[in-house]
Amino acid sequence: MRLVLLGAPGSGKGTQAARLKDHLQVPHISTGDLLRAEVAAGTPLGLEAKAIMARGDLVSDAILLGMLEDRFSREDTRAGFILDGYPRNLAQAAALDALLEKLGAPFDAAVQLEVDNEQIIERLAGRAQAEGRADDSPESVRHRLNIYDQQTAPVIAFYRDHGQLTVVDGVGSLDEVFARIVKAIGREQP
Ligand code: B4P
């Protein structure tokens with residue numbers, strides 16, 4: 001299963017991907033986690049990304065593509081993958097298509113987790129208190145939601161127009177949302 005997980009910041013992509021990876025037995029590739037690992041390790045890329053991420057802006061497409069090519073060159077992605085946090089704009093969607101075509105493995109499903117902004121703001125405020133992530137400050141969350149509307153919503157529209165999108169209600173308990181996703185992709189059984 002090659003799954004692309006889409007949705008606004010805080011819609012639960014990372015939360016559900018962590019469960020889906022065990023269910024589907026494929027790696028979870030989170031561009032946010034890859035970037036945070038670079039920041040934590042203090043690499044040149046991480047130093048560049050740190051302030052951009054804290055503001056809630058998108059890190060450059062070139063950096064993201066390089067990271068992704070590197071990750072997809074690893075053997076474990078042959079079995080499939082759950083891609084979380086990418087693509088976030090139309091240029092990234094085109095780059096992903098080209099990358100997967102090169103690997104001879106187009107994605108099977110693009111699932112959008114749909115959650116209203118009020119709930120998102122509430123969730124990220126909760127995470128800001130629990131984990132203190134710099135980009136969960138109210139100012140940064142507002143900015144991330146604006147970027148999502150301007151840059152990522154067109155990706156969703158593009159996949160919808162091409163009949164590649166499945167929309168799943170992302171509001172409810174973790175178990176409820178998980179059950180909806182596996183049903184939507186026809187993988188209730190592992
Ligand atoms: P991400 O790491 O992708 O962060 P996110 O959008 O906040 O995460 P997600 O939707 O996965 O939310 P989560 O499950 O954690 O990106 C962070 C930054 O990295 C970006 O702003 C950008 O700077 C950079 N970046 C990443 N990818 C990039 C790209 N492709 N191009 C350029 N830049 C990129 O859930 C959030 C909270 O909700 C958690 O606290 C969770 O416990 C809670 N929650 C989840 N499901 C819930 C439910 N059903 N009910 C109640 N709470 C729930």
# chains A, B, ... in the order shown; residues from 1 in each chain; ligands from 1
$ select_by_dssp --residues "range 51-162 of chain A" --states "strand (DSSP E or B)" --output "ChimeraX atom specification"
/A:81-84,109-114
$ write_last_selection --atoms "C-alpha atoms" --output "PDB file, in the first residue's frame"
ATOM      1  CA  PHE A  81       4.776   3.650   2.500  1.00  0.00           C
ATOM      2  CA  ILE A  82       2.592   6.136   4.304  1.00  0.00           C
ATOM      3  CA  LEU A  83       3.653   9.612   3.247  1.00  0.00           C
ATOM      4  CA  ASP A  84       2.623  12.243   5.811  1.00  0.00           C
ATOM      5  CA  ALA A 109      -4.615   6.365  -2.427  1.00  0.00           C
ATOM      6  CA  ALA A 110      -4.552   9.973  -1.242  1.00  0.00           C
ATOM      7  CA  VAL A 111      -6.584  10.391   1.931  1.00  0.00           C
ATOM      8  CA  GLN A 112      -7.498  13.811   3.301  1.00  0.00           C
ATOM      9  CA  LEU A 113      -8.353  14.063   6.989  1.00  0.00           C
ATOM     10  CA  GLU A 114     -11.010  16.733   7.264  1.00  0.00           C
TER      11      GLU A 114
END
$ select_by_dssp --residues "range 55-181 of chain A" --states "helix (DSSP H, G or I)" --output "MDAnalysis selection string"
chainID A and resid 55 61:72 75:79 90:103 117:131 134:136 138:161 174:181
$ write_last_selection --atoms "C-alpha atoms" --output "short mmCIF file (atom, residue, chain, number, x, y, z; two decimals), in the first residue's frame"
data_model
loop_
_atom_site.label_atom_id
_atom_site.label_comp_id
_atom_site.auth_asym_id
_atom_site.auth_seq_id
_atom_site.Cartn_x
_atom_site.Cartn_y
_atom_site.Cartn_z
CA ARG A 55 7.39 30.69 12.01
CA ASP A 61 10.84 22.58 -2.13
CA ALA A 62 14.43 21.75 -3.12
CA ILE A 63 15.37 20.71 0.43
CA LEU A 64 12.22 18.64 0.78
CA LEU A 65 12.73 16.86 -2.53
CA GLY A 66 16.34 16.01 -1.68
CA MET A 67 15.25 14.58 1.68
CA LEU A 68 12.47 12.59 0.08
CA GLU A 69 14.64 11.16 -2.70
CA ASP A 70 17.10 10.09 -0.06
CA ARG A 71 14.38 8.41 2.02
CA PHE A 72 12.83 6.67 -0.99
CA GLU A 75 15.00 -0.59 0.56
CA ASP A 76 12.09 -0.57 3.04
CA THR A 77 9.92 1.69 0.83
CA ARG A 78 9.66 -1.08 -1.79
CA ALA A 79 6.94 -2.69 0.34
CA LEU A 90 1.48 22.02 -6.33
CA ALA A 91 5.21 22.01 -7.12
CA GLN A 92 5.70 19.28 -4.51
CA ALA A 93 2.76 17.31 -5.96
CA ALA A 94 4.42 17.40 -9.39
CA ALA A 95 7.78 16.41 -7.87
CA LEU A 96 6.17 13.49 -6.05
CA ASP A 97 4.53 12.26 -9.25
CA ALA A 98 7.87 12.39 -11.06
CA LEU A 99 9.67 10.63 -8.20
CA LEU A 100 7.12 7.82 -7.97
CA GLU A 101 7.05 7.42 -11.74
CA LYS A 102 10.81 7.02 -11.70
CA LEU A 103 10.43 4.32 -9.06
CA ASN A 117 -10.31 25.07 12.02
CA GLU A 118 -11.84 25.52 15.47
CA GLN A 119 -10.98 21.93 16.42
CA ILE A 120 -7.49 22.27 14.92
CA ILE A 121 -6.72 25.38 16.96
CA GLU A 122 -7.92 23.59 20.09
CA ARG A 123 -5.80 20.47 19.38
CA LEU A 124 -2.63 22.41 18.66
CA ALA A 125 -3.12 24.59 21.74
CA GLY A 126 -3.27 21.32 23.69
CA ARG A 127 -0.06 20.07 22.06
CA ALA A 128 1.64 23.43 22.69
CA GLN A 129 1.01 22.92 26.41
CA ALA A 130 1.96 19.25 26.43
CA GLU A 131 5.00 19.30 24.15
CA ALA A 134 7.63 26.15 18.73
CA ASP A 135 5.28 26.06 15.73
CA ASP A 136 2.20 25.39 17.89
CA PRO A 138 -1.23 30.68 18.39
CA GLU A 139 0.52 33.05 15.97
CA SER A 140 2.32 30.23 14.18
CA VAL A 141 -0.81 28.07 13.99
CA ARG A 142 -2.76 30.94 12.37
CA HIS A 143 0.05 31.36 9.85
CA ARG A 144 0.21 27.59 9.13
CA LEU A 145 -3.54 27.52 8.50
CA ASN A 146 -3.21 30.45 6.07
CA ILE A 147 -0.40 28.69 4.23
CA TYR A 148 -2.51 25.55 4.12
CA ASP A 149 -5.43 27.46 2.53
CA GLN A 150 -3.18 29.22 0.01
CA GLN A 151 -0.74 26.47 -0.93
CA THR A 152 -1.96 23.04 0.17
CA ALA A 153 -5.70 23.33 -0.55
CA PRO A 154 -4.92 23.52 -4.32
CA VAL A 155 -3.16 20.13 -4.04
CA ILE A 156 -6.32 18.65 -2.51
CA ALA A 157 -8.41 20.21 -5.30
CA PHE A 158 -5.98 18.82 -7.89
CA TYR A 159 -6.24 15.25 -6.53
CA ARG A 160 -10.01 15.61 -6.24
CA ASP A 161 -10.31 16.80 -9.86
CA LEU A 174 -8.42 8.06 17.49
CA ASP A 175 -10.07 4.64 17.05
CA GLU A 176 -13.02 6.10 15.14
CA VAL A 177 -10.81 8.05 12.73
CA PHE A 178 -8.53 5.03 12.25
CA ALA A 179 -11.53 2.78 11.45
CA ARG A 180 -12.76 5.30 8.87
CA ILE A 181 -9.37 5.45 7.15
#
$ closest_residue --among "A:Ser173, A:Gln189, A:Gln25, A:Thr43" --to "ligand 1" --atoms "only C-alpha atoms and all ligand atoms"
A:Ser173
$ closest_residue --among "A:Arg133, A:His162, A:Arg2, A:Arg88" --to "Leu20 in chain A" --atoms "only C-alpha atoms"
A:Arg2
$ closest_residue --among "A:Gly170, A:Gly7, A:Gly104, A:Gly14" --to "Pro87 in chain A" --atoms "only C-alpha atoms"
A:Gly7
$ atom_distance --atom1 "atom 44 (N, counted along the ligand's line) of ligand 1" --atom2 "CA of Gly12 in chain A"
5.0 Å
$ closest_residue --among "A:Ala17, A:Ala105, A:Ala40, A:Val167" --to "ligand 1" --atoms "only C-alpha atoms and all ligand atoms"
A:Ala17
$ closest_residue --among "A:Leu165, A:Val26, A:Ala184, A:Ala37" --to "ligand 1" --atoms "only C-alpha atoms and all ligand atoms"
A:Ala37
$ atom_distance --atom1 "CA of Arg36 in chain A" --atom2 "atom 43 (C, counted along the ligand's line) of ligand 1"
17.7 Å
$ closest_residue --among "A:Gly172, A:Pro190, A:Pro27, A:Gly80" --to "Ser11 in chain A" --atoms "only C-alpha atoms"
A:Gly172
